[in-house]
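Engineer: See coords19.cif below, with mmCIF, C-alpha atoms.
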data_input
#
loop_
_atom_site.label_atom_id
_atom_site.label_comp_id
_atom_site.auth_asym_id
_atom_site.auth_seq_id
_atom_site.Cartn_x
_atom_site.Cartn_y
_atom_site.Cartn_z
CA MET A 1 -36.75 -59.36 9.10
CA SER A 2 -35.53 -55.81 8.62
CA SER A 3 -34.73 -53.72 11.66
CA HIS A 4 -36.52 -50.40 11.80
CA PRO A 5 -36.65 -47.53 14.28
CA SER A 6 -39.38 -47.73 16.91
CA HIS A 7 -39.65 -43.95 17.07
CA ILE A 8 -40.98 -43.41 13.53
CA ALA A 9 -43.87 -40.96 13.80
CA VAL A 10 -47.27 -41.68 12.33
CA LEU A 11 -48.17 -38.90 9.91
CA ASP A 12 -51.12 -36.64 10.64
CA ASP A 13 -54.00 -37.10 8.15
CA ALA A 14 -55.00 -33.47 8.46
CA ALA A 15 -51.56 -32.29 7.31
CA ARG A 16 -51.77 -34.03 3.94
CA LEU A 17 -53.61 -33.27 0.75
CA PRO A 18 -55.04 -36.08 -1.36
CA VAL A 19 -52.40 -37.34 -3.78
CA SER A 20 -53.10 -36.57 -7.44
CA ILE A 21 -51.50 -37.81 -10.64
CA ALA A 22 -49.99 -34.36 -11.10
CA MET A 23 -48.40 -34.66 -7.65
CA LEU A 24 -46.96 -38.06 -8.56
CA ASN A 25 -45.41 -36.62 -11.70
CA GLU A 26 -43.93 -33.72 -9.77
CA ARG A 27 -42.47 -36.03 -7.13
CA ARG A 28 -40.96 -38.11 -9.92
CA ARG A 29 -39.52 -34.98 -11.54
CA ILE A 30 -37.72 -33.90 -8.39
CA GLY A 31 -36.49 -37.43 -7.70
CA GLN A 32 -38.71 -38.21 -4.72
CA ARG A 33 -39.27 -41.97 -4.49
CA LEU A 34 -42.89 -43.08 -4.70
CA VAL A 35 -44.28 -45.52 -2.15
CA MET A 36 -47.10 -47.89 -3.06
CA VAL A 37 -48.58 -50.70 -0.99
CA THR A 38 -51.55 -53.00 -1.41
CA ALA A 39 -54.55 -52.94 0.93
CA TYR A 40 -57.70 -55.03 0.99
CA ASP A 41 -59.78 -53.84 3.94
CA PHE A 42 -60.36 -50.99 6.38
CA PRO A 43 -57.52 -51.84 8.82
CA SER A 44 -54.87 -52.22 6.11
CA ALA A 45 -56.08 -48.97 4.51
CA ARG A 46 -55.72 -47.16 7.82
CA ALA A 47 -52.17 -48.50 8.19
CA ALA A 48 -51.29 -47.22 4.70
CA GLU A 49 -52.91 -43.87 5.47
CA ALA A 50 -51.02 -43.51 8.74
CA ALA A 51 -47.72 -44.31 7.02
CA GLY A 52 -48.30 -41.58 4.43
CA VAL A 53 -47.76 -43.73 1.33
CA ASP A 54 -48.36 -42.17 -2.08
CA LEU A 55 -50.51 -44.88 -3.68
CA VAL A 56 -52.61 -47.77 -2.44
CA LEU A 57 -53.44 -50.67 -4.75
CA VAL A 58 -56.43 -52.89 -4.11
CA GLY A 59 -54.63 -55.73 -5.84
CA ASP A 60 -56.23 -58.87 -7.16
CA SER A 61 -53.61 -60.49 -4.93
CA GLY A 62 -56.41 -60.13 -2.37
CA ALA A 63 -57.81 -63.26 -4.00
CA MET A 64 -55.01 -65.18 -2.30
CA THR A 65 -54.13 -63.06 0.73
CA VAL A 66 -57.62 -62.46 2.13
CA LEU A 67 -60.08 -64.63 0.18
CA GLY A 68 -58.09 -67.86 0.15
CA TYR A 69 -58.11 -68.60 -3.57
CA PRO A 70 -55.13 -70.53 -4.99
CA SER A 71 -54.43 -67.80 -7.58
CA THR A 72 -55.63 -64.38 -8.64
CA ILE A 73 -57.76 -65.53 -11.57
CA GLU A 74 -60.71 -66.80 -9.50
CA VAL A 75 -61.59 -63.47 -7.88
CA SER A 76 -64.74 -61.82 -9.24
CA THR A 77 -65.54 -58.22 -10.03
CA GLU A 78 -68.07 -58.17 -7.17
CA GLU A 79 -65.45 -59.38 -4.70
CA MET A 80 -62.91 -56.84 -5.90
CA LEU A 81 -65.50 -54.08 -5.62
CA MET A 82 -66.24 -55.10 -2.04
CA LEU A 83 -62.53 -54.97 -1.16
CA THR A 84 -62.15 -51.60 -2.90
CA GLN A 85 -65.11 -50.12 -1.02
CA ALA A 86 -63.65 -51.28 2.30
CA VAL A 87 -60.28 -49.73 1.51
CA ARG A 88 -61.86 -46.47 0.43
CA ARG A 89 -63.61 -46.16 3.78
CA GLY A 90 -60.20 -46.26 5.48
CA LEU A 91 -58.31 -44.04 3.05
CA ARG A 92 -58.14 -40.28 2.61
CA SER A 93 -54.82 -39.13 1.18
CA PRO A 94 -53.14 -41.78 -1.02
CA LEU A 95 -54.22 -42.26 -4.63
CA LEU A 96 -56.45 -45.35 -4.68
CA VAL A 97 -55.91 -47.75 -7.60
CA ALA A 98 -58.10 -50.84 -8.12
CA ASP A 99 -57.05 -53.93 -10.06
CA LEU A 100 -59.42 -55.04 -12.81
CA PRO A 101 -59.85 -58.80 -12.23
CA PHE A 102 -59.14 -61.39 -14.87
CA GLY A 103 -62.03 -61.75 -17.32
CA SER A 104 -63.51 -58.33 -16.59
CA TYR A 105 -61.87 -56.35 -19.40
CA GLU A 106 -60.38 -58.65 -22.05
CA GLU A 107 -63.53 -59.29 -24.09
CA SER A 108 -63.97 -55.82 -25.61
CA ASP A 109 -63.28 -52.13 -25.11
CA GLU A 110 -66.91 -51.73 -24.07
CA GLN A 111 -66.58 -54.39 -21.36
CA ALA A 112 -63.35 -52.81 -20.12
CA VAL A 113 -64.92 -49.35 -19.86
CA ARG A 114 -68.04 -50.71 -18.11
CA THR A 115 -65.92 -52.51 -15.53
CA ALA A 116 -63.64 -49.54 -14.97
CA VAL A 117 -66.62 -47.23 -14.49
CA ARG A 118 -67.97 -49.55 -11.78
CA PHE A 119 -64.71 -49.33 -9.85
CA ILE A 120 -64.76 -45.53 -10.06
CA LYS A 121 -68.46 -45.06 -9.24
CA GLN A 122 -69.17 -47.95 -6.87
CA GLY A 123 -65.70 -48.62 -5.51
CA ARG A 124 -64.77 -44.91 -5.38
CA ALA A 125 -61.31 -45.70 -6.71
CA ASP A 126 -59.24 -42.91 -8.27
CA ALA A 127 -57.82 -45.13 -11.02
CA VAL A 128 -57.74 -48.71 -12.26
CA LYS A 129 -54.94 -51.09 -13.16
CA LEU A 130 -54.85 -53.77 -15.82
CA GLU A 131 -52.23 -56.38 -16.56
CA ARG A 132 -50.12 -57.15 -19.60
CA GLY A 133 -48.87 -54.98 -22.41
CA SER A 134 -50.32 -57.00 -25.28
CA VAL A 135 -52.09 -55.35 -28.19
CA THR A 136 -55.39 -56.22 -26.51
CA SER A 137 -54.39 -54.67 -23.20
CA GLN A 138 -53.08 -51.60 -24.98
CA ALA A 139 -56.45 -51.14 -26.70
CA ARG A 140 -58.36 -51.65 -23.45
CA ALA A 141 -56.14 -49.16 -21.62
CA ALA A 142 -56.62 -46.57 -24.35
CA ALA A 143 -60.40 -47.04 -24.32
CA ILE A 144 -60.60 -46.61 -20.54
CA VAL A 145 -58.36 -43.53 -20.66
CA GLN A 146 -60.56 -42.14 -23.47
CA ALA A 147 -63.53 -42.58 -21.16
CA GLY A 148 -61.84 -40.28 -18.66
CA ILE A 149 -60.53 -42.87 -16.19
CA PRO A 150 -56.83 -42.98 -15.25
CA VAL A 151 -55.15 -46.31 -15.97
CA MET A 152 -52.04 -47.91 -14.51
CA GLY A 153 -50.33 -50.59 -16.62
CA HIS A 154 -48.51 -53.71 -15.42
CA VAL A 155 -45.82 -55.61 -17.34
CA GLY A 156 -43.12 -58.18 -16.68
CA LEU A 157 -44.46 -60.92 -14.45
CA THR A 158 -48.24 -60.58 -14.65
CA PRO A 159 -49.89 -62.96 -12.15
CA GLN A 160 -53.15 -63.25 -14.10
CA THR A 161 -51.25 -64.98 -16.91
CA ALA A 162 -48.42 -66.51 -14.87
CA THR A 163 -49.15 -69.96 -16.30
CA ALA A 164 -48.59 -68.73 -19.85
CA LEU A 165 -45.35 -67.09 -18.72
CA GLY A 166 -44.01 -70.33 -17.26
CA GLY A 167 -45.12 -69.75 -13.67
CA TYR A 168 -44.22 -67.14 -11.08
CA ARG A 169 -40.73 -66.47 -12.36
CA ALA A 170 -38.66 -63.49 -13.42
CA GLN A 171 -39.19 -62.08 -16.91
CA GLY A 172 -36.85 -60.22 -19.25
CA ARG A 173 -33.87 -62.51 -18.66
CA SER A 174 -33.22 -62.91 -22.36
CA SER A 175 -32.71 -60.19 -24.95
CA GLY A 176 -35.95 -61.08 -26.72
CA SER A 177 -38.00 -61.11 -23.53
CA ALA A 178 -36.48 -57.81 -22.36
CA ILE A 179 -37.25 -56.15 -25.71
CA ARG A 180 -40.86 -57.38 -25.47
CA ILE A 181 -41.17 -55.77 -22.04
CA ALA A 182 -39.69 -52.52 -23.37
CA GLU A 183 -42.14 -52.48 -26.28
CA GLU A 184 -45.08 -53.15 -23.97
CA MET A 185 -44.10 -50.42 -21.52
CA LEU A 186 -43.74 -47.87 -24.28
CA ALA A 187 -47.02 -48.95 -25.85
CA LEU A 188 -48.89 -48.58 -22.55
CA GLN A 189 -47.32 -45.16 -22.12
CA ARG A 190 -48.55 -44.16 -25.59
CA ALA A 191 -51.99 -45.55 -24.73
CA GLY A 192 -52.21 -42.97 -21.96
CA CYS A 193 -51.34 -44.95 -18.82
CA PHE A 194 -50.34 -42.54 -16.04
CA ALA A 195 -47.94 -45.12 -14.53
CA VAL A 196 -46.69 -48.66 -15.09
CA VAL A 197 -45.91 -51.43 -12.62
CA LEU A 198 -42.81 -53.42 -13.60
CA GLU A 199 -42.60 -56.80 -11.87
CA ALA A 200 -39.83 -59.39 -11.52
CA VAL A 201 -37.39 -58.05 -14.11
CA PRO A 202 -33.58 -57.97 -13.83
CA ALA A 203 -32.35 -54.73 -12.28
CA ALA A 204 -30.01 -54.05 -15.21
CA VAL A 205 -32.89 -54.32 -17.67
CA THR A 206 -34.94 -51.91 -15.59
CA GLU A 207 -32.07 -49.43 -15.45
CA ALA A 208 -31.77 -49.49 -19.25
CA LEU A 209 -35.53 -49.00 -19.66
CA MET A 210 -36.03 -46.05 -17.31
CA PRO A 211 -34.66 -43.28 -19.61
CA LEU A 212 -37.34 -44.24 -22.16
CA MET A 213 -40.23 -43.64 -19.78
CA ASP A 214 -42.06 -40.35 -19.28
CA VAL A 215 -44.46 -41.66 -16.63
CA PRO A 216 -43.76 -43.09 -13.16
CA VAL A 217 -42.59 -46.71 -13.09
CA ILE A 218 -43.37 -48.60 -9.89
CA GLY A 219 -41.15 -51.61 -9.36
CA ILE A 220 -41.72 -54.88 -7.56
CA GLY A 221 -38.74 -57.17 -7.85
CA ALA A 222 -37.35 -54.91 -10.59
CA GLY A 223 -34.43 -53.30 -8.78
CA PRO A 224 -33.82 -49.79 -7.40
CA ALA A 225 -33.85 -47.78 -10.63
CA THR A 226 -37.65 -47.39 -10.78
CA ASP A 227 -39.44 -44.26 -9.59
CA GLY A 228 -41.05 -46.14 -6.72
CA GLN A 229 -41.73 -49.51 -5.15
CA VAL A 230 -44.79 -51.58 -4.29
CA LEU A 231 -45.12 -54.57 -1.98
CA VAL A 232 -48.07 -56.71 -0.98
CA PHE A 233 -49.30 -55.76 2.50
CA HIS A 234 -49.27 -59.36 3.74
CA ASP A 235 -45.79 -59.99 2.34
CA LEU A 236 -44.09 -56.98 3.91
CA LEU A 237 -45.71 -57.58 7.32
CA GLY A 238 -45.29 -61.36 7.31
CA ILE A 239 -49.01 -62.14 7.43
CA ARG A 240 -48.49 -65.36 5.52
CA GLU A 241 -46.78 -68.72 5.69
CA GLY A 242 -43.35 -69.07 4.10
CA ARG A 243 -40.95 -66.41 2.87
CA GLY A 244 -42.57 -65.49 -0.43
CA ALA A 245 -40.72 -64.17 -3.49
CA ARG A 246 -37.03 -63.34 -3.23
CA PHE A 247 -37.70 -59.61 -3.68
CA VAL A 248 -39.89 -59.41 -0.58
CA GLN A 249 -38.42 -57.53 2.37
CA ARG A 250 -40.26 -58.35 5.59
CA TYR A 251 -40.83 -55.55 8.07
CA GLY A 252 -42.79 -57.68 10.52
CA ASP A 253 -43.77 -61.24 11.37
CA LEU A 254 -47.42 -60.74 12.21
CA GLN A 255 -48.57 -64.23 11.23
CA GLN A 256 -46.46 -65.70 14.01
CA GLU A 257 -47.70 -63.06 16.45
CA MET A 258 -51.34 -63.68 15.50
CA ASN A 259 -50.93 -67.42 15.84
CA ALA A 260 -49.31 -67.01 19.26
CA GLY A 261 -51.98 -64.56 20.41
CA VAL A 262 -54.89 -66.80 19.46
CA ALA A 263 -53.17 -69.82 21.01
CA ALA A 264 -52.63 -67.92 24.27
CA TYR A 265 -56.29 -66.86 24.33
CA ALA A 266 -57.45 -70.43 23.74
CA ALA A 267 -55.20 -71.70 26.53
CA ASP A 268 -56.52 -69.08 28.99
CA VAL A 269 -60.15 -69.93 28.21
CA ARG A 270 -59.56 -73.66 28.66
CA ALA A 271 -57.68 -73.12 31.91
CA GLY A 272 -60.34 -70.80 33.30
CA HIS A 273 -57.98 -67.83 33.44
CA TYR A 274 -60.11 -65.75 31.08
CA PRO A 275 -62.30 -63.90 31.75
CA ALA A 276 -60.93 -62.70 35.09
CA ALA A 277 -62.51 -60.24 37.52
CA GLU A 278 -61.10 -57.23 35.66
CA HIS A 279 -62.94 -58.30 32.51
CA CYS A 280 -66.37 -58.40 34.18
CA TYR A 281 -69.05 -55.71 34.71
CA SER A 282 -70.44 -55.01 38.17
CA ILE A 283 -73.97 -54.42 39.48
CA ASP A 284 -75.07 -52.55 42.62
CA ALA A 285 -75.67 -54.93 45.53
CA ASP A 286 -79.24 -53.71 46.12
CA GLU A 287 -80.06 -54.11 42.42
CA LEU A 288 -78.59 -57.61 42.46
CA ALA A 289 -80.69 -58.57 45.51
CA ALA A 290 -83.85 -57.23 43.85
CA PHE A 291 -83.02 -59.08 40.66
CA ARG A 292 -82.50 -62.35 42.53
CA ALA A 293 -85.79 -61.97 44.35
CA GLU A 294 -87.68 -61.32 41.13
CA LEU A 295 -85.85 -64.15 39.41
CA ALA A 296 -86.84 -66.53 42.23
CA ALA A 297 -90.47 -65.47 41.88
CA LEU A 298 -90.28 -65.90 38.10
CA GLY A 299 -88.80 -69.35 38.56
CA GLY A 300 -91.62 -70.24 40.91
CA GLU A 301 -94.24 -69.14 38.36
CA ILE A 302 -92.61 -71.29 35.68
CA THR A 303 -92.41 -74.41 37.85
CA GLY A 304 -95.82 -73.86 39.49
CA HIS A 305 -94.41 -73.67 43.06
#
Would you kindly transcribe this structure into structure tokens?
Structural biologist:
Amino acid sequence: MSSHPSHIAVLDDAARLPVSIAMLNERRRIGQRLVMVTAYDFPSARAAEAAGVDLVLVGDSGAMTVLGYPSTIEVSTEEMLMLTQAVRRGLRSPLLVADLPFGSYEESDEQAVRTAVRFIKQGRADAVKLERGSVTSQARAAAIVQAGIPVMGHVGLTPQTATALGGYRAQGRSSGSAIRIAEEMLALQRAGCFAVVLEAVPAAVTEALMPLMDVPVIGIGAGPATDGQVLVFHDLLGIREGRGARFVQRYGDLQQEMNAGVAAYAADVRAGHYPAAEHCYSIDADELAAFRAELAALGGEITGH
């Protein structure tokens, strides 16, 4: 687990303007690193807000981290909308991006636009993200952008199609695979994507790709050369079992703390230590005496005595 200063100040919401795409581009231009994190509910959104991150992604990783599915492909549009709405209620400043779930945009441009519109209108997201840089995904991205909705791309390891890629493993480790990633990134840029997530790609490949990009590139397991980084909320805070992917840096171990806290509570209840006197409400002695008298009379009426 990484050590980090305990004196880091929480940023004041009122001091920050909502992040726009223009602001992201300006921060990229001046070399300011962009910070992106996932969130799936009101508390995680508030944590992201307090930290002053630039972007928050309601990732379809929520299928696994909060809904308990074995992969991302099972999550529905309705479930993703619910998560997005919860995050929006806790978020003010960061740009809010919502993942389009598997099966909600691949069928046609019309389906993709309809789904994206729902996330903007019902979920109150600022932008949407779709995976893969295939010809189909390029067309869908262009159609959504044409409809006036900002789109973030995602190439490299794309969890929705991890099985087709050989599992959750790094991409771009051969010349051919790296060229495919380059072509997809450039195609998504031409399609109008305002940013691209690059996942699980060798750092040297990323470094070679960056001069070709005119939009922000957000890395996850893609080395330090990208314009910014994103991590899954539950990964970076250790709200999960196991270590996760090799690129994950843990800044907490909250799963262990939660387990210990619930276990301590259960032990106190079973031992009769909780609740104690300080956890109880009081009542005036005269009111208690009157209550007991009335309760005795009520009991007598019920039993017929």
Engineer: Using all atoms listed in the file, determine which residues lie at most 7 Å from Gly238 of chain A, disregarding the query and same-chain residues fewer than 2 positions distant; provide the list as an NGL selection string.
Structural biologist: :A and (234-236 or 240 or 250 or 252-255)
Engineer: Which residues are near Ser61 of chain A? Cut-off 8 Å, only C-alpha atoms, ignore same chain within fewer than 3 positions. Put them as a VMD selection string.
Structural biologist: chain A and resid 64 to 65 71 to 72 232
Engineer: Using the chain letters and numbers from the file, which residues does the PyMOL selection byres ((chain A and resi 205) around 10) grab, as a list in words?
Structural biologist: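 Answer for the PyMOL selection byres ((chain A and resi 205) around 10): Gly172, Arg173, Ser174, Ser175, Ala178, Ile179, Ile181, Ala182, Val201, Pro202, Ala203, Ala204, Thr206, Glu207, Ala208, Leu209, Met210, Ala222, Gly223 and Ala225 of chain A.
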Engineer: Which residue is closest to Gln189 of chain A? Choose from A:Gly148, A:Gly133, A:Gly228, A:Pro159 and count all atoms listed in the file.
Structural biologist: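 For Gln189 of chain A, the nearest of the given residues is A:Gly133.
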Engineer: Could you write out as a VMD selection string the residues that the PyMOL selection byres ((chain A and resi 245) around 12) matches in the shown file?
Structural biologist: chain A and resid 168 to 170 199 to 200 220 to 221 231 to 232 235 to 236 240 to 244 246 to 250
Engineer: Around all the atoms of segment 111-120 of chain A listed in the file, draw an axis-aligned box and extend it by 5 Å on each of the six sides; I want its centre and edge lengths in Å to one decimal, as lines of an AutoDock Vina configuration file.
Structural biologist:
center_x = -65.7
center_y = -50.0
center_z = -15.6
size_x = 14.7
size_y = 18.9
size_z = 21.5
Engineer: If you apply the PyMOL selection byres ((chain A and resi 119) around 12) to this file, what residues do you get, as an mmCIF file with C-alpha atoms, in the coordinates of the input?
Structural biologist:
data_model
loop_
_atom_site.group_PDB
_atom_site.id
_atom_site.type_symbol
_atom_site.label_atom_id
_atom_site.label_comp_id
_atom_site.auth_asym_id
_atom_site.auth_seq_id
_atom_site.Cartn_x
_atom_site.Cartn_y
_atom_site.Cartn_z
ATOM 1 C CA VAL A 58 -56.430 -52.890 -4.110
ATOM 2 C CA THR A 77 -65.540 -58.220 -10.030
ATOM 3 C CA GLU A 78 -68.070 -58.170 -7.170
ATOM 4 C CA GLU A 79 -65.450 -59.380 -4.700
ATOM 5 C CA MET A 80 -62.910 -56.840 -5.900
ATOM 6 C CA LEU A 81 -65.500 -54.080 -5.620
ATOM 7 C CA MET A 82 -66.240 -55.100 -2.040
ATOM 8 C CA LEU A 83 -62.530 -54.970 -1.160
ATOM 9 C CA THR A 84 -62.150 -51.600 -2.900
ATOM 10 C CA GLN A 85 -65.110 -50.120 -1.020
ATOM 11 C CA ARG A 88 -61.860 -46.470 0.430
ATOM 12 C CA LEU A 96 -56.450 -45.350 -4.680
ATOM 13 C CA VAL A 97 -55.910 -47.750 -7.600
ATOM 14 C CA ALA A 98 -58.100 -50.840 -8.120
ATOM 15 C CA ASP A 99 -57.050 -53.930 -10.060
ATOM 16 C CA LEU A 100 -59.420 -55.040 -12.810
ATOM 17 C CA PRO A 101 -59.850 -58.800 -12.230
ATOM 18 C CA SER A 104 -63.510 -58.330 -16.590
ATOM 19 C CA ALA A 112 -63.350 -52.810 -20.120
ATOM 20 C CA VAL A 113 -64.920 -49.350 -19.860
ATOM 21 C CA ARG A 114 -68.040 -50.710 -18.110
ATOM 22 C CA THR A 115 -65.920 -52.510 -15.530
ATOM 23 C CA ALA A 116 -63.640 -49.540 -14.970
ATOM 24 C CA VAL A 117 -66.620 -47.230 -14.490
ATOM 25 C CA ARG A 118 -67.970 -49.550 -11.780
ATOM 26 C CA ILE A 120 -64.760 -45.530 -10.060
ATOM 27 C CA LYS A 121 -68.460 -45.060 -9.240
ATOM 28 C CA GLN A 122 -69.170 -47.950 -6.870
ATOM 29 C CA GLY A 123 -65.700 -48.620 -5.510
ATOM 30 C CA ARG A 124 -64.770 -44.910 -5.380
ATOM 31 C CA ALA A 125 -61.310 -45.700 -6.710
ATOM 32 C CA ASP A 126 -59.240 -42.910 -8.270
ATOM 33 C CA ALA A 127 -57.820 -45.130 -11.020
ATOM 34 C CA VAL A 128 -57.740 -48.710 -12.260
ATOM 35 C CA LYS A 129 -54.940 -51.090 -13.160
ATOM 36 C CA ILE A 144 -60.600 -46.610 -20.540
ATOM 37 C CA ILE A 149 -60.530 -42.870 -16.190
ATOM 38 C CA PRO A 150 -56.830 -42.980 -15.250
ATOM 39 C CA VAL A 151 -55.150 -46.310 -15.970
#
Engineer: To one decimal place in Å, what is the distance between atom CA of Tyr40 of chain A and atom CA of Phe233 of chain A?
Structural biologist: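 About the pair atom CA of Tyr40 of chain A and atom CA of Phe233 of chain A: they are 8.6 Å apart.
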Engineer: Using all atoms listed in the file, which residues sit within 7 Å of Arg132 of chain A once same-chain residues fewer than 5 positions away are excluded, as an MDAnalysis selection string?
Structural biologist: chainID A and resid 137 154:155 158
Engineer: Give me, as an mmCIF file with C-alpha atoms, in the frame of the given file, all polymer residues having an atom no more than 9 Å from Val56 of chain A, counting all atoms listed in the file and skipping those fewer than 2 positions away in the same chain.
Structural biologist:
data_model
loop_
_atom_site.group_PDB
_atom_site.id
_atom_site.type_symbol
_atom_site.label_atom_id
_atom_site.label_comp_id
_atom_site.auth_asym_id
_atom_site.auth_seq_id
_atom_site.Cartn_x
_atom_site.Cartn_y
_atom_site.Cartn_z
ATOM 1 C CA VAL A 35 -44.280 -45.520 -2.150
ATOM 2 C CA MET A 36 -47.100 -47.890 -3.060
ATOM 3 C CA VAL A 37 -48.580 -50.700 -0.990
ATOM 4 C CA THR A 38 -51.550 -53.000 -1.410
ATOM 5 C CA ALA A 39 -54.550 -52.940 0.930
ATOM 6 C CA ALA A 45 -56.080 -48.970 4.510
ATOM 7 C CA ALA A 48 -51.290 -47.220 4.700
ATOM 8 C CA GLU A 49 -52.910 -43.870 5.470
ATOM 9 C CA VAL A 53 -47.760 -43.730 1.330
ATOM 10 C CA ASP A 54 -48.360 -42.170 -2.080
ATOM 11 C CA VAL A 58 -56.430 -52.890 -4.110
ATOM 12 C CA GLY A 59 -54.630 -55.730 -5.840
ATOM 13 C CA VAL A 87 -60.280 -49.730 1.510
ATOM 14 C CA LEU A 91 -58.310 -44.040 3.050
ATOM 15 C CA PRO A 94 -53.140 -41.780 -1.020
ATOM 16 C CA LEU A 95 -54.220 -42.260 -4.630
ATOM 17 C CA LEU A 96 -56.450 -45.350 -4.680
ATOM 18 C CA VAL A 97 -55.910 -47.750 -7.600
ATOM 19 C CA ALA A 98 -58.100 -50.840 -8.120
ATOM 20 C CA VAL A 230 -44.790 -51.580 -4.290
#
Engineer: Of the residues A:Leu24, A:Leu212, A:Ala195, A:Leu34, which is the one nearest to Pro224 of chain A, using all atoms listed in the file?
Structural biologist: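 For Pro224 of chain A, the nearest of the given residues is A:Leu34.
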Engineer: Please determine, counting all atoms listed in the file, which residue among A:Ile283, A:Ala293, A:Cys193, A:Leu186 has the shortest atom-to-atom distance to Ala141 of chain A.
Structural biologist: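 Ranking A:Ile283, A:Ala293, A:Cys193, A:Leu186 by distance to Ala141 of chain A, first place goes to A:Cys193.
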Engineer: Could you check the closest approach to Arg46 of chain A for each of A:Ser20, A:Gln160, A:Ser93, A:Ser76 and tell me which residue wins, using all atoms listed in the file?
Structural biologist: A:Ser93
Engineer: Determine the nearest neighbour of Val197 of chain A from the options A:Ala22, A:Gly62, A:Ala277, A:Glu184, counting all atoms listed in the file.
Structural biologist: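 Comparing A:Ala22, A:Gly62, A:Ala277, A:Glu184 against Val197 of chain A, the winner is A:Glu184.
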Engineer: Calculated over all atoms listed in the file, which of the candidates A:Ala51, A:Ile239, A:Leu295, A:Leu198 has the smallest distance to Asp227 of chain A?
Structural biologist: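 The shortest atom-to-atom distance to Asp227 of chain A comes from A:Leu198.
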Engineer: What is the atom CA of Ala143 of chain A to atom CA of Arg89 of chain A distance in Å?
Structural biologist: 28.3 Å
